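**Student:** The following block contains the structure, expressed as structure tokens.
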Number of protein chains: 2
Amino acid sequence: MKIIVDAMGGDNAPEQIVKGCALAAAEYGVDIVLCGNEEKIREVISQNQLYSDRFSYVDTGDRVIVMEDHAECVVREKKDSSMAVGMQMLKNNEGDAFITAGNSGAALVGATLIVKRIKGVKRAAIGSAIPTLKGHSMLIDCGANSECKAEYLEQFAVMGSAYMEKIMGVKNPKVGLLNNGAEETKGTDMHVEAYQILKNSENINFSGNVEGRNAPMGEVDVIVADGFSGNIFLKTFEGVGLMLLKGLKSVLYSSATTKLAGAVIKKPLKNFMKRFDYSEQGGAPLLGVNGVVIKAHGSSDAVAIKNAVRQSIEMVKADLISAITASVEKK
Amino acid sequence: MKIIVDAMGGDNAPEQIVKGCALAAAEYGVDIVLCGNEEKIREVISQNQLYSDRFSYVDTGDRVIVMEDHAECVVREKKDSSMAVGMQMLKNNEGDAFITAGNSGAALVGATLIVKRIKGVKRAAIGSAIPTLKGHSMLIDCGANSECKAEYLEQFAVMGSAYMEKIMGVKNPKVGLLNNGAEETKGTDMHVEAYQILKNSENINFSGNVEGRNAPMGEVDVIVADGFSGNIFLKTFEGVGLMLLKGLKSVLYSSATTKLAGAVIKKPLKNFMKRFDYSEQGGAPLLGVNGVVIKAHGSSDAVAIKNAVRQSIEMVKADLISAITASVEKK
């Protein structure tokens with residue numbers, strides 16, 4: 001198996017990206033194609049004495065998409081960048097999957113316009129494995145499509161269900177529509193319409209609306225959302241978690257005795273918090289695209305990249321693209 | 001001052017409502033008009049030997065709006081219910097404020113159609129004091145208006161700013177637009193338009209978009225949202241908080257030593273968590289209405305009701321309605 005990686009994308013590129021790829025190549029026994037500035041990549045390898053037997057290189061010199069670039073540059077001014085070239089390789093079957101920690105907007109545009117959507121898919125969507133009390137649920141869409149039509153949401157549900165079933169091993173995953181109440185008349189006109197489409201869909205196991213209050217409990221396996229409110233959900237989730245963690249820290253540092261208590265609970269707390277650590281998860285799959293594309297977090301470290309590679313291998317092995325293609329055709 | 005209370009609204013009515021009113025009457029020295037089944041109210045008073053010197057009663061018998069009722073019943077089939085009668089009294093200046101823990105939809109319809117909106121206000125909105133690392137921010141709208149026009153959001157910003165300034169004592173409150181990114185081109189078309197209106201508004205101190213990741217840190221004082229995503233934010237906030245609290249409990253109960261640690265941090269943790277306790281906050285003000293109307297949480301206990309009465313007194317004393325009227329007229 002050959003995984004194509006944008007070595008230049010993200011806050012910690014190329015060092016952490018290359019390190020993560022070395023870990024992954026050694027642990028999972030896959031070939032990795034690194035797209036980027038070959039000189040800089042080789043420097044990282046030699047300075048850190050990284051395992052590089054399974055690496056190959058596509059030198060894109062200094063052509064890199066940065067955070068400030070507008071999304072469309074990936075198919076225009078910067079179609080010779082590390083991200084664009086990696087995606088073209090995936091399109092040409094010169095690798096089995098593509099991973100980038102770079103500019104999200106550009107990754108989405110590139111996935112849609114270079115790798116292209118699966119036939120019949122109306123909009124590609126960003127999925128994200130959300131930690132819950134029970135394990136993980138897939139939130140889809142996390143922000144690719146701020147404006148949605150109801151029919152898109154059914155496809156998001158189908159794609160999210162395929163991911164949960166094939167990758168997370170959940171049989172007949174329960175789908176909930178992220179909404180502002182339980183009743184089927186809740187939400188905007190689009191949500192009311194989406195509810196009916198989801199309810200009548202034979203391709204998914206729809207269990208009604210899910211609220212932000214219940215979703216973190218793990219009530220459903222797939223949380224279907226328009227990209228705008230899905231993004232609000234995702235970031236609020238992150239923000240509240242961070243805030244409470246800071247609050248807990250301030251409590252634990254408030255006196256000598258609480259500091260002792262903090263030392264006692266440190267390890268079990270860390271274990272519990274592990275599921276909230278995005279670097280353990282891998283990245284966000286771009287679903288609906290005709291190839292395995294993963295958008296890793298911009299601040300990914302080597303462990304996050306290693307796990308994104310693992311995740312891409314799982315997606316390739318499970319042949320998720322064929323599963324989604326079949327589900328979308330069935331409709 | 002005279003506060004009108006729907007004694008029959010909410011999961012714990014009339015007992016907790018009446019108890020809360022007794023506490024408030026004693027502590028704040030206000031008159032309270034209880035609308036509801038007078039016999040049942042008097043039973044609660046005598047059984048619990050409550051302070052009732054400042055109570056008066058408007059007997060509405062068994063006419064109560066329940067959770068299952070549709071919102072419009074407050075002006076139709078149930079316009080003789082405890083909620084509807086209380087609102088009519090407020091409209092007729094037979095009291096200074098109105099509080100209900102009953103059906104939210106009906107409370108909103110009643111506030112809009114019985115008490116009526118302030119002249120010039122396009123939509124009434126539900127505000128909520130959100131706990132943050134720094135204190136509290138006002139989220140507005142929390143769910144009254146699932147579909148919004150950009151111009152509504154400016155009024156929400158004005159009303160939320162008036163609340164933060166007059167009631168929470170924040171000078172020149174910072175306003176953020178809840179959005180899926182920092183740049184002014186982010187979000188749906190409506191959000192892009194709202195950004196420009198807010199940016200150009202002279203009535204508020206706009207500081208740009210705020211994301212769900214930053215809002216819990218207390219980055220802004222007023223979080224302006226369309227009612228749909230505001231509701232997603234609010235409930236996700238609640239859900240993630242509950243989930244993490246459950247997780248922390250499971251950590252603290254995992255062994256004998258962690259139980260000891262738990263005993264040590266119990267008190268400072270409780271102090272920190274106090275700000276997340278809605279019963280300490282009071283209720284959600286319905287802003288834009290031509291009178292002080294507070295929607296208390298459906299599961300309010302006596303303390304929550306007492307605090308809602310305190311909050312209503314503050315709103316009356318600060319003459320928030322006049323402040324909002326003046327701000328809206330200025331536009």
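Just remember, in the structure tokens the first chain shown is A, the second B, etc., residues are 1-based per chain, and ligands are 1-based in the order shown.
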Contacts from chain B to chain A, 8 Å maximum, only C-alpha atoms: show me the residue list as a ChimeraX atom specification.

**Tutor:** /B:132-133,143,146-147,179-180,187-188,211-217,228-229,231-241,243-244,247-248,251-252,254,257-258,260-262,264-265,268-269,272

**Student:** Report as a list in words all protein, DNA and RNA residues lying within 12 Å of A:Gly29, evaluated on only C-alpha atoms, omitting residues in the same chain fewer than 6 positions from it.

**Tutor:** Met1, Lys2, Ile3, Cys21, Ala22, Leu23, Tyr51, Ser52, Asp53, Arg54, Phe55, Lys306, Val309, Arg310 and Ile313 of chain A

**Student:** Restrict the selected residues to N, CA, C and O atoms and save them as a JSON list (two decimals), in the first residue's frame.

**Tutor:**
```json
[["chain", "number", "residue", "atom", "x", "y", "z"],
["A", 1, "MET", "N", 0.84, -1.20, 0.00],
["A", 1, "MET", "CA", 0.00, 0.00, 0.00],
["A", 1, "MET", "C", 0.87, 1.25, 0.00],
["A", 1, "MET", "O", 1.95, 1.25, 0.59],
["A", 2, "LYS", "N", 0.43, 2.26, -0.68],
["A", 2, "LYS", "CA", 1.23, 3.48, -0.79],
["A", 2, "LYS", "C", 0.38, 4.70, -0.39],
["A", 2, "LYS", "O", -0.65, 4.99, -1.00],
["A", 3, "ILE", "N", 0.86, 5.41, 0.64],
["A", 3, "ILE", "CA", 0.13, 6.57, 1.13],
["A", 3, "ILE", "C", 0.87, 7.84, 0.71],
["A", 3, "ILE", "O", 2.07, 7.97, 0.96],
["A", 21, "CYS", "N", 5.39, 10.16, 9.52],
["A", 21, "CYS", "CA", 5.42, 9.21, 8.40],
["A", 21, "CYS", "C", 6.43, 8.10, 8.66],
["A", 21, "CYS", "O", 6.19, 6.94, 8.33],
["A", 22, "ALA", "N", 7.58, 8.46, 9.26],
["A", 22, "ALA", "CA", 8.60, 7.45, 9.57],
["A", 22, "ALA", "C", 8.05, 6.45, 10.58],
["A", 22, "ALA", "O", 8.22, 5.23, 10.43],
["A", 23, "LEU", "N", 7.36, 6.97, 11.61],
["A", 23, "LEU", "CA", 6.74, 6.09, 12.61],
["A", 23, "LEU", "C", 5.75, 5.14, 11.95],
["A", 23, "LEU", "O", 5.71, 3.94, 12.22],
["A", 51, "TYR", "N", 13.76, 6.41, 10.06],
["A", 51, "TYR", "CA", 13.59, 5.25, 9.18],
["A", 51, "TYR", "C", 12.97, 5.75, 7.87],
["A", 51, "TYR", "O", 11.89, 6.33, 7.87],
["A", 52, "SER", "N", 13.68, 5.56, 6.76],
["A", 52, "SER", "CA", 13.18, 6.13, 5.50],
["A", 52, "SER", "C", 13.22, 5.14, 4.35],
["A", 52, "SER", "O", 13.07, 5.53, 3.19],
["A", 53, "ASP", "N", 13.38, 3.84, 4.66],
["A", 53, "ASP", "CA", 13.48, 2.82, 3.61],
["A", 53, "ASP", "C", 12.25, 2.79, 2.71],
["A", 53, "ASP", "O", 12.34, 2.44, 1.53],
["A", 54, "ARG", "N", 11.11, 3.12, 3.27],
["A", 54, "ARG", "CA", 9.87, 3.00, 2.50],
["A", 54, "ARG", "C", 9.39, 4.35, 1.96],
["A", 54, "ARG", "O", 8.26, 4.47, 1.50],
["A", 55, "PHE", "N", 10.24, 5.36, 2.08],
["A", 55, "PHE", "CA", 9.88, 6.69, 1.58],
["A", 55, "PHE", "C", 10.22, 6.83, 0.10],
["A", 55, "PHE", "O", 11.24, 6.31, -0.37],
["A", 306, "LYS", "N", 0.98, 9.95, 12.33],
["A", 306, "LYS", "CA", 1.06, 8.49, 12.32],
["A", 306, "LYS", "C", -0.35, 7.89, 12.37],
["A", 306, "LYS", "O", -0.68, 6.98, 11.62],
["A", 309, "VAL", "N", -2.20, 8.22, 9.15],
["A", 309, "VAL", "CA", -1.77, 7.18, 8.21],
["A", 309, "VAL", "C", -2.49, 5.87, 8.52],
["A", 309, "VAL", "O", -3.04, 5.21, 7.63],
["A", 310, "ARG", "N", -2.53, 5.51, 9.79],
["A", 310, "ARG", "CA", -3.24, 4.29, 10.21],
["A", 310, "ARG", "C", -4.70, 4.33, 9.75],
["A", 310, "ARG", "O", -5.22, 3.38, 9.16],
["A", 313, "ILE", "N", -5.05, 3.80, 6.09],
["A", 313, "ILE", "CA", -4.86, 2.37, 5.76],
["A", 313, "ILE", "C", -6.17, 1.61, 6.01],
["A", 313, "ILE", "O", -6.62, 0.81, 5.18]]
```

**Student:** Mind listing the helix (DSSP H, G or I) residues of stretch 64-206 of chain B, per DSSP on the backbone, as a ChimeraX atom specification?

**Tutor:** /B:71-75,82-91,104-116,150-166,189-200

**Student:** Quick one: everything within 12 Å of B:Gln47, counting only C-alpha atoms, minus sequence neighbours fewer than 5 positions away in the same chain. Send it as a PyMOL selection string.

**Tutor:** chain B and resi 15+18-19+40-42

**Student:** With C-alpha atoms kept, could you save the residues just selected as a PDB file, in the first residue's frame?

**Tutor:**
```pdb
ATOM      1  CA  GLU B  15     -44.643  23.398  45.043  1.00  0.00           C
ATOM      2  CA  VAL B  18     -44.468  28.804  45.496  1.00  0.00           C
ATOM      3  CA  LYS B  19     -41.560  27.956  47.808  1.00  0.00           C
ATOM      4  CA  LYS B  40     -53.368  24.085  45.500  1.00  0.00           C
ATOM      5  CA  ILE B  41     -51.150  27.126  46.081  1.00  0.00           C
ATOM      6  CA  ARG B  42     -52.616  27.688  49.540  1.00  0.00           C
TER       7      ARG B  42
END
```

**Student:** In Å, rounded to a single decimal, give me how far atom CA of B:Leu139 is from atom CA of B:Asp226.

**Tutor:** 10.1 Å
